[in-house]
Structures are given as structure tokens and as C-alpha cells.
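Trainee: The following file, my_file-v3.pdb, comprises PDB, C-alpha atoms and all ligand atoms:
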```
ATOM      1  CA  MET A   1       0.000   0.000   0.000
ATOM      2  CA  LYS A   2       1.210   3.487  -0.843
ATOM      3  CA  GLY A   3       1.943   5.825   2.059
ATOM      4  CA  LEU A   4      -0.189   8.920   2.524
ATOM      5  CA  PHE A   5       1.206  12.137   3.988
ATOM      6  CA  LEU A   6      -1.536  14.322   5.491
ATOM      7  CA  THR A   7      -0.813  17.583   7.301
ATOM      8  CA  LEU A   8      -3.003  19.911   9.360
ATOM      9  CA  GLU A   9      -2.361  23.637   9.317
ATOM     10  CA  GLY A  10      -3.845  26.882  10.547
ATOM     11  CA  ILE A  11      -3.268  29.715  12.984
ATOM     12  CA  ASP A  12      -3.181  28.998  16.723
ATOM     13  CA  GLY A  13      -6.748  28.575  17.993
ATOM     14  CA  ALA A  14      -8.141  27.343  14.655
ATOM     15  CA  GLY A  15      -9.013  23.975  16.231
ATOM     16  CA  LYS A  16      -7.010  21.583  14.031
ATOM     17  CA  SER A  17      -5.654  19.474  16.905
ATOM     18  CA  SER A  18      -9.123  18.482  18.066
ATOM     19  CA  HIS A  19      -9.699  16.500  14.830
ATOM     20  CA  ILE A  20      -6.534  14.400  14.808
ATOM     21  CA  ASP A  21      -8.003  11.655  17.032
ATOM     22  CA  ALA A  22     -10.957  11.270  14.667
ATOM     23  CA  LEU A  23      -8.693  11.200  11.604
ATOM     24  CA  GLU A  24      -6.575   8.493  13.185
ATOM     25  CA  ALA A  25      -9.690   6.449  14.004
ATOM     26  CA  LEU A  26     -11.049   6.895  10.473
ATOM     27  CA  PHE A  27      -7.918   5.569   8.776
ATOM     28  CA  LYS A  28      -7.469   2.738  11.303
ATOM     29  CA  ALA A  29     -11.061   1.653  10.699
ATOM     30  CA  ARG A  30     -10.056   1.251   7.057
ATOM     31  CA  GLY A  31      -7.212  -1.037   8.053
ATOM     32  CA  ARG A  32      -4.418   1.499   7.640
ATOM     33  CA  GLN A  33      -1.391   1.821   9.912
ATOM     34  CA  VAL A  34      -1.217   5.386  11.201
ATOM     35  CA  THR A  35       1.862   7.339  12.275
ATOM     36  CA  ARG A  36       0.762  10.384  14.199
ATOM     37  CA  THR A  37       3.259  13.152  14.756
ATOM     38  CA  ARG A  38       3.807  16.910  14.941
ATOM     39  CA  GLU A  39       6.152  19.758  14.059
ATOM     40  CA  PRO A  40       8.318  21.139  15.328
ATOM     41  CA  GLY A  41       8.924  17.792  16.998
ATOM     42  CA  GLY A  42       8.363  14.094  16.461
ATOM     43  CA  THR A  43      11.859  12.904  17.458
ATOM     44  CA  PRO A  44      13.932  13.508  20.615
ATOM     45  CA  ILE A  45      16.188  16.021  18.823
ATOM     46  CA  ALA A  46      13.262  17.799  17.167
ATOM     47  CA  GLU A  47      11.314  17.966  20.445
ATOM     48  CA  THR A  48      14.348  19.588  22.108
ATOM     49  CA  LEU A  49      14.475  22.127  19.280
ATOM     50  CA  ARG A  50      10.717  22.705  19.681
ATOM     51  CA  THR A  51      11.165  23.617  23.331
ATOM     52  CA  MET A  52      13.830  26.166  22.373
ATOM     53  CA  VAL A  53      11.813  27.676  19.520
ATOM     54  CA  LEU A  54       8.567  27.972  21.516
ATOM     55  CA  ALA A  55      10.117  29.261  24.725
ATOM     56  CA  GLN A  56      12.837  31.664  23.712
ATOM     57  CA  PRO A  57      13.011  34.855  21.682
ATOM     58  CA  MET A  58      15.464  34.620  18.766
ATOM     59  CA  ASP A  59      15.996  36.249  15.415
ATOM     60  CA  ALA A  60      13.945  34.970  12.510
ATOM     61  CA  LEU A  61      16.869  33.307  10.721
ATOM     62  CA  THR A  62      17.837  31.333  13.840
ATOM     63  CA  GLU A  63      14.199  30.323  14.263
ATOM     64  CA  SER A  64      13.917  29.217  10.627
ATOM     65  CA  LEU A  65      17.138  27.207  10.791
ATOM     66  CA  LEU A  66      16.011  25.469  13.976
ATOM     67  CA  VAL A  67      12.578  24.498  12.621
ATOM     68  CA  PHE A  68      14.167  23.172   9.425
ATOM     69  CA  ALA A  69      16.828  21.285  11.416
ATOM     70  CA  ALA A  70      14.031  19.727  13.480
ATOM     71  CA  ARG A  71      12.177  18.914  10.239
ATOM     72  CA  ARG A  72      15.197  17.223   8.687
ATOM     73  CA  ASP A  73      15.631  14.906  11.668
ATOM     74  CA  HIS A  74      11.881  14.227  11.743
ATOM     75  CA  LEU A  75      11.782  13.414   8.026
ATOM     76  CA  VAL A  76      14.758  11.083   8.134
ATOM     77  CA  GLN A  77      13.858   9.315  11.376
ATOM     78  CA  VAL A  78      10.063   9.147  11.230
ATOM     79  CA  ILE A  79       8.199  10.442   8.182
ATOM     80  CA  GLU A  80      10.165   8.856   5.323
ATOM     81  CA  PRO A  81      10.340   5.380   6.945
ATOM     82  CA  ALA A  82       6.614   5.529   7.766
ATOM     83  CA  LEU A  83       5.691   6.462   4.188
ATOM     84  CA  ALA A  84       7.974   3.726   2.860
ATOM     85  CA  ARG A  85       6.072   1.206   5.049
ATOM     86  CA  GLY A  86       2.802   2.417   3.541
ATOM     87  CA  ASP A  87       1.525   4.219   6.660
ATOM     88  CA  VAL A  88      -0.814   7.147   6.778
ATOM     89  CA  VAL A  89       1.290   9.926   8.343
ATOM     90  CA  LEU A  90      -0.860  12.452  10.215
ATOM     91  CA  CYS A  91       1.346  15.428  10.956
ATOM     92  CA  ASP A  92       0.194  18.405  13.023
ATOM     93  CA  ARG A  93       1.927  21.222  11.041
ATOM     94  CA  PHE A  94       4.776  21.014   8.535
ATOM     95  CA  THR A  95       6.651  23.404   6.214
ATOM     96  CA  ASP A  96       3.573  25.483   5.387
ATOM     97  CA  ALA A  97       3.706  26.642   9.021
ATOM     98  CA  THR A  98       7.239  27.928   8.456
ATOM     99  CA  PHE A  99       6.083  29.950   5.440
ATOM    100  CA  ALA A 100       3.109  31.243   7.450
ATOM    101  CA  TYR A 101       4.808  31.968  10.816
ATOM    102  CA  GLN A 102       8.417  32.793   9.959
ATOM    103  CA  GLY A 103       7.616  34.083   6.444
ATOM    104  CA  GLY A 104       4.246  35.783   7.047
ATOM    105  CA  GLY A 105       4.192  36.421  10.789
ATOM    106  CA  ARG A 106       7.806  37.423  11.218
ATOM    107  CA  GLY A 107       8.302  38.782   7.718
ATOM    108  CA  PHE A 108      11.291  36.558   6.979
ATOM    109  CA  ASP A 109      12.568  36.152   3.406
ATOM    110  CA  THR A 110      10.432  33.437   1.762
ATOM    111  CA  ALA A 111      13.016  32.909  -1.012
ATOM    112  CA  LEU A 112      15.453  31.836   1.685
ATOM    113  CA  LEU A 113      12.781  29.586   3.202
ATOM    114  CA  SER A 114      12.326  27.990  -0.223
ATOM    115  CA  THR A 115      16.066  27.287  -0.348
ATOM    116  CA  LEU A 116      15.941  25.622   3.070
ATOM    117  CA  GLU A 117      12.881  23.675   1.939
ATOM    118  CA  GLN A 118      14.893  22.397  -1.067
ATOM    119  CA  TRP A 119      17.763  21.343   1.157
ATOM    120  CA  VAL A 120      15.586  19.569   3.690
ATOM    121  CA  GLN A 121      12.860  18.065   1.484
ATOM    122  CA  GLY A 122      14.773  17.602  -1.770
ATOM    123  CA  GLN A 123      14.745  14.060  -3.094
ATOM    124  CA  ALA A 124      16.623  12.110  -5.710
ATOM    125  CA  GLY A 125      15.661  13.543  -9.109
ATOM    126  CA  GLY A 126      15.078  16.996  -7.628
ATOM    127  CA  ALA A 127      11.448  16.666  -6.524
ATOM    128  CA  LEU A 128      10.447  17.890  -3.061
ATOM    129  CA  LEU A 129       8.838  15.617  -0.521
ATOM    130  CA  GLN A 130       5.550  17.389   0.186
ATOM    131  CA  PRO A 131       2.311  16.378   1.897
ATOM    132  CA  ASP A 132      -0.252  14.630  -0.327
ATOM    133  CA  ILE A 133      -3.034  16.642   1.257
ATOM    134  CA  THR A 134      -3.041  19.602   3.630
ATOM    135  CA  LEU A 135      -6.132  20.422   5.660
ATOM    136  CA  TRP A 136      -5.955  24.168   6.191
ATOM    137  CA  PHE A 137      -8.146  25.298   9.083
ATOM    138  CA  ASP A 138      -8.978  28.855   8.140
ATOM    139  CA  LEU A 139     -10.407  31.110  10.832
ATOM    140  CA  PRO A 140     -10.433  34.924  11.214
ATOM    141  CA  PRO A 141      -7.596  35.809  13.643
ATOM    142  CA  GLU A 142      -9.991  37.722  15.933
ATOM    143  CA  LEU A 143     -12.097  34.575  16.413
ATOM    144  CA  ALA A 144      -9.010  32.445  17.016
ATOM    145  CA  ALA A 145      -7.824  34.918  19.671
ATOM    146  CA  GLU A 146     -11.194  34.647  21.440
ATOM    147  CA  ARG A 147     -10.955  30.854  21.407
ATOM    148  CA  LEU A 148      -7.411  30.930  22.776
ATOM    149  CA  ALA A 149      -8.129  33.477  25.523
ATOM    150  CA  GLY A 150      -7.704  31.891  28.923
ATOM    151  CA  ALA A 151      -7.362  28.380  27.492
ATOM    152  CA  ARG A 152      -3.888  27.784  28.953
ATOM    153  CA  LEU A 153      -0.584  29.533  29.459
ATOM    154  CA  PRO A 154       0.272  30.880  25.988
ATOM    155  CA  ASP A 155       3.628  30.011  24.379
ATOM    156  CA  LYS A 156       5.818  32.473  22.443
ATOM    157  CA  PHE A 157       3.609  32.521  19.350
ATOM    158  CA  GLU A 158       0.238  32.224  21.096
ATOM    159  CA  SER A 159       0.996  35.399  23.063
ATOM    160  CA  GLN A 160       1.537  37.440  19.881
ATOM    161  CA  PRO A 161      -0.976  40.223  19.067
ATOM    162  CA  VAL A 162      -3.771  39.662  16.567
ATOM    163  CA  GLU A 163      -1.820  41.592  13.869
ATOM    164  CA  PHE A 164       0.825  38.871  13.938
ATOM    165  CA  PHE A 165      -1.844  36.247  13.247
ATOM    166  CA  ARG A 166      -3.267  38.365  10.418
ATOM    167  CA  ARG A 167       0.133  38.102   8.753
ATOM    168  CA  VAL A 168       0.329  34.356   9.518
ATOM    169  CA  ALA A 169      -3.143  33.860   8.001
ATOM    170  CA  ALA A 170      -2.077  35.817   4.905
ATOM    171  CA  GLY A 171       1.023  33.601   4.696
ATOM    172  CA  TYR A 172      -1.169  30.495   4.669
ATOM    173  CA  ALA A 173      -3.499  31.986   2.056
ATOM    174  CA  GLN A 174      -0.539  32.791  -0.199
ATOM    175  CA  ARG A 175       0.904  29.314   0.136
ATOM    176  CA  ALA A 176      -2.515  27.691  -0.407
ATOM    177  CA  ALA A 177      -2.942  29.615  -3.652
ATOM    178  CA  THR A 178       0.147  27.922  -5.096
ATOM    179  CA  ALA A 179      -0.490  24.307  -4.082
ATOM    180  CA  PRO A 180      -3.539  22.197  -5.079
ATOM    181  CA  ARG A 181      -2.820  19.837  -2.166
ATOM    182  CA  PHE A 182      -4.406  22.477   0.135
ATOM    183  CA  VAL A 183      -8.016  22.004   1.187
ATOM    184  CA  ARG A 184      -9.521  25.021   2.910
ATOM    185  CA  ILE A 185     -11.656  24.107   5.893
ATOM    186  CA  ASP A 186     -13.969  26.824   7.210
ATOM    187  CA  ALA A 187     -12.974  26.526  10.865
ATOM    188  CA  SER A 188     -15.536  29.089  12.062
ATOM    189  CA  GLN A 189     -18.248  26.417  11.850
ATOM    190  CA  SER A 190     -19.245  24.026  14.640
ATOM    191  CA  ARG A 191     -16.990  21.099  15.447
ATOM    192  CA  ASP A 192     -19.416  18.652  13.764
ATOM    193  CA  GLN A 193     -19.634  20.776  10.643
ATOM    194  CA  VAL A 194     -15.849  21.065  10.511
ATOM    195  CA  TRP A 195     -15.591  17.279  10.696
ATOM    196  CA  GLN A 196     -18.123  16.956   7.869
ATOM    197  CA  GLN A 197     -15.955  19.261   5.753
ATOM    198  CA  ILE A 198     -12.933  17.058   6.496
ATOM    199  CA  GLU A 199     -14.801  13.884   5.488
ATOM    200  CA  ALA A 200     -16.023  15.569   2.302
ATOM    201  CA  ALA A 201     -12.485  16.771   1.491
ATOM    202  CA  LEU A 202     -11.089  13.254   1.867
ATOM    203  CA  ALA A 203     -13.900  11.700  -0.145
ATOM    204  CA  GLY A 204     -13.431  14.332  -2.850
ATOM    205  CA  ARG A 205      -9.861  13.127  -3.247
ATOM    206  CA  GLY A 206     -10.726   9.471  -3.215
ATOM    207  CA  LEU A 207      -9.481   8.958   0.342
TER     208      LEU A 207
HETATM  209  P1  LIG B   1       1.024  24.052  17.896
HETATM  210  O1  LIG B   1       1.127  23.253  16.660
HETATM  211  O2  LIG B   1      -0.059  25.052  17.925
HETATM  212  O3  LIG B   1       0.980  23.038  19.076
HETATM  213  P2  LIG B   1       0.159  23.178  20.413
HETATM  214  O4  LIG B   1      -1.265  22.961  19.978
HETATM  215  O5  LIG B   1       0.731  22.090  21.247
HETATM  216  O6  LIG B   1       0.428  24.567  20.914
HETATM  217  O7  LIG B   1       2.403  24.789  18.281
HETATM  218  C1  LIG B   1       3.431  24.965  17.446
HETATM  219  C2  LIG B   1       3.769  26.420  17.300
HETATM  220  O8  LIG B   1       4.959  26.540  16.535
HETATM  221  C3  LIG B   1       2.689  27.224  16.591
HETATM  222  O9  LIG B   1       2.525  28.477  17.252
HETATM  223  C4  LIG B   1       3.283  27.491  15.232
HETATM  224  C5  LIG B   1       4.779  27.438  15.461
HETATM  225  N1  LIG B   1       5.544  26.948  14.294
HETATM  226  C6  LIG B   1       6.397  27.817  13.621
HETATM  227  O10 LIG B   1       6.494  29.000  13.995
HETATM  228  N2  LIG B   1       7.100  27.370  12.556
HETATM  229  C7  LIG B   1       7.020  26.080  12.111
HETATM  230  O11 LIG B   1       7.682  25.700  11.126
HETATM  231  C8  LIG B   1       6.147  25.176  12.806
HETATM  232  C9  LIG B   1       6.032  23.747  12.373
HETATM  233  C10 LIG B   1       5.422  25.658  13.898
END
```
Can you present the structure in this file as C-alpha cells?
Mentor:
Amino acid sequence: MKGLFLTLEGIDGAGKSSHIDALEALFKARGRQVTRTREPGGTPIAETLRTMVLAQPMDALTESLLVFAARRDHLVQVIEPALARGDVVLCDRFTDATFAYQGGGRGFDTALLSTLEQWVQGQAGGALLQPDITLWFDLPPELAAERLAGARLPDKFESQPVEFFRRVAAGYAQRAATAPRFVRIDASQSRDQVWQQIEAALAGRGL
């Protein structure tokens, strides 16, 4: 069986994480092996880098290098072997988050991010390893901020002002416009309706 690489993206508070359990159950019910993981993270080295990136202020180049270093380890240790086994890989965030947060949110040079993406995700023959499908939970930043308010102690990004998330959201929209693997999910709807959109998106792609 061919592996399937599915990522979930969106600004903080968009509600993507609450659907991962259901996605895992759906694919397992169809007899698929599921590897569930997240970025930054997914390996001991990448989780250490995650703690640094989410806890400490740093310049945008340092931040970009650390998330791509984490991604490289994660790809080599977890994602590529899982896809080679034929697993469904459910990954909470991937490179689109770097374009949205470091590129959009922090205004970092996206051409340089594309170079790092080539280095980290480049494969034999020159193609990039990319997700097969990306569920993009799109929600107005003001609504996301309301949902996040008081939920838990915010990390470095969650404590950013709403203007930061406007830029992150614009970063996602830009990236989505260039890649047909993106499926926009209207995350302002109820949890049940959001799940229905996810099921319809998968069915629409024969999954
Ligand atoms: P998140 O995925 O929201 O996890 P949790 O639900 O546990 O808080 O946290 C990851 C944060 O890291 C999120 O604010 C986005 C940020 N991030 C980047 O800035 N760049 C990246 O490349 C990735 C993968 C995440």
C-alpha cells in the first residue's frame, strides 16, 4: 500500500488538533497503519528544538534554521520510513507553518525559506517531498484569539498580538494559492460541521 502524507495547518486557535483523534480512528477503521506526529517535533532532537523555539526569543533566521533542522531529523527518522512502510502519516503542522509563521508572521525572506525547503525536502531527481493533502483550518484571527483566551498559558507565538496572526493567516493563504494539495476548511463552523468538511475533502480526493 502506498503511504499517505496528510498535514493539518492553521493559525493557533483554529481547532485543528481536536480533529486528529478522529482522523486516526477513520484511517485505522479502514485497516491502515497510522503514524501520528507533529512539528516542530516528532523525534527527541526535534522535540528539544521545539522547546527552544517555543520558549525563547530569537531572530527569525535562527528560528527558521532550527525548525528546518528539526524537520530534517523528523523526516529522516520518522516520516520517510513511515511512508515507505505504507503508513498514513498524520502530521500536526509542517513546512507550510514555516512559510506562514516565519515568512508571514515574522516577515522573513520566503526565497530563503524555499532554499531551506529544497535542502531539507529535496529528493533524488530533484522533486520535493511534500504532503499529499493539507487540511488548512482557516479562521479569522480575531475569532481564534477569542478561542485561545484563557485556554492555557500561551507560548511564544500564542501570546503574539492579533496583527501577527493576520500576517500568519495571509502567509497560509498565499501558500494555499500555489499548491492544489491544500483544502480550505472553514474553521468558524461548529466542530461537527468542521468534521463533515474534512470527510467531504477526503472523499473528494478518493481517500
Ligand atoms: P502548535 O502546533 O499550535 O501546538 P500546540 O497545539 O501544542 O500549541 O504549536 C506549534 C507552534 O509553533 C505554533 O505556534 C506554530 C509554530 N511553528 C512555527 O512557527 N514554525 C514552524 O515551522 C512550525 C512547524 C510551527
Trainee: Evaluated on this file, the PyMOL selection byres (((chain A and resi 161) around 12) and not hetatm) picks out some residues - which ones are they, written as a list in words?
Mentor: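 With the PyMOL selection byres (((chain A and resi 161) around 12) and not hetatm) on this model, the match is Asp12, Gly105, Pro141, Glu142, Ala144, Ala145, Glu146, Leu148, Ala149, Pro154, Lys156, Phe157, Glu158, Ser159, Gln160, Val162, Glu163, Phe164, Phe165, Arg166, Arg167 and Val168 of chain A.
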Trainee: Write out as a list in words which residues come within 12 Å of Gln77 (chain A) when counting all atoms listed in the file, dropping same-chain ones fewer than 5 positions away.
Mentor: Thr37, Gly41, Gly42, Thr43, Pro44, Ile45, Ala46, Ala70, Arg71, Arg72, Ala82, Leu83 and Ala84 of chain A
Trainee: For the structure shown, which residues end up in the PyMOL selection byres (((chain A and resi 3) around 9) and not hetatm)? Put them as an mmCIF file with C-alpha atoms, keeping the file's coordinate frame, please?
Mentor:
```cif
data_model
loop_
_atom_site.group_PDB
_atom_site.id
_atom_site.type_symbol
_atom_site.label_atom_id
_atom_site.label_comp_id
_atom_site.auth_asym_id
_atom_site.auth_seq_id
_atom_site.Cartn_x
_atom_site.Cartn_y
_atom_site.Cartn_z
ATOM 1 C CA MET A 1 0.000 0.000 0.000
ATOM 2 C CA LYS A 2 1.210 3.487 -0.843
ATOM 3 C CA LEU A 4 -0.189 8.920 2.524
ATOM 4 C CA PHE A 5 1.206 12.137 3.988
ATOM 5 C CA ALA A 82 6.614 5.529 7.766
ATOM 6 C CA LEU A 83 5.691 6.462 4.188
ATOM 7 C CA ALA A 84 7.974 3.726 2.860
ATOM 8 C CA ARG A 85 6.072 1.206 5.049
ATOM 9 C CA GLY A 86 2.802 2.417 3.541
ATOM 10 C CA ASP A 87 1.525 4.219 6.660
ATOM 11 C CA VAL A 88 -0.814 7.147 6.778
ATOM 12 C CA VAL A 89 1.290 9.926 8.343
#
```
Trainee: Please find the residues contacting ligand LIG 1 (chain B) at a distance of at most 7 Å between atoms, with all atoms listed in the file counted, and report them as a VMD selection string.
Mentor: chain A and resid 12 17 39 to 40 54 67 92 to 95 97 to 98 101 to 102 157 to 158
Trainee: Considering only C-alpha atoms, return as a list of chain:residue names whatever protein or nucleic-acid residues lie within 8 Å of region 116-118 of chain A, sequence-local ones (same chain, fewer than 3 positions apart) excluded.
Mentor: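 Listed by chain and then number, they are A:Leu65, A:Phe68, A:Thr95, A:Leu112, A:Leu113, A:Gln121, A:Gly122, A:Leu128.
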Trainee: Using CA of Ser114 (chain A) and CA of Leu202 (chain A) as the two end points, give the distance in Å to one decimal.
Mentor: 27.7 Å
Trainee: May I have the protein, DNA and RNA residues with an atom at most 10 Å from (-7.2, 10.6, 13.5), counting only C-alpha atoms in the file's coordinates, returned as a ChimeraX atom specification?
Mentor: /A:17-28,34-36,88-90
Trainee: Let me make sure I understand: among A:His74, A:Ala111, A:Gln33, A:Leu61, which one has the smallest atom-to-atom distance to Thr48 (chain A) if we use all atoms listed in the file?
Mentor: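 Closest to Thr48 (chain A) of all the choices is A:His74.
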Trainee: Just give me the residues with any atom within 10 Å of (-11.5, 30.0, 10.9), file coordinates, counting all atoms listed in the file, written as a ChimeraX atom specification.
Mentor: /A:10-11,13-15,136-144,169,184-189,194
Trainee: Find, counting only C-alpha atoms, the residue in A:Asp155, A:Pro81, A:Ala69, A:Arg30 that gets nearest to Leu49 (chain A).
Mentor: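 Smallest separation from Leu49 (chain A) among the options: A:Ala69.
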Trainee: Give the centre and edge lengths of an axis-aligned box, in Å to one decimal, that holds all listed atoms of region 166-182 of chain A with 3 Å on each side, as JSON.
Mentor:
```
{"center_x": -1.7, "center_y": 29.1, "center_z": 2.7, "size_x": 11.4, "size_y": 24.5, "size_z": 21.5}
```
Trainee: Take CA of Asp192 (chain A) and CA of Gly204 (chain A) and report the distance between them in Å, one decimal.
Mentor: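 If I compute the distance from CA of Asp192 (chain A) to CA of Gly204 (chain A), I get 18.2 Å.
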Trainee: Using all atoms listed in the file, which of the listed residues (A:Trp119, A:Leu135, A:Arg152, A:Glu199) sits closest to Lys16 (chain A)?
Mentor: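 Between A:Trp119, A:Leu135, A:Arg152, A:Glu199, the residue approaching Lys16 (chain A) most closely is A:Leu135.
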Trainee: Measure the distance from CA of Arg205 (chain A) to CA of Leu6 (chain A) in Å and round it to one decimal.
Mentor: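 Interatomic distance, CA of Arg205 (chain A) to CA of Leu6 (chain A): 12.1 Å.
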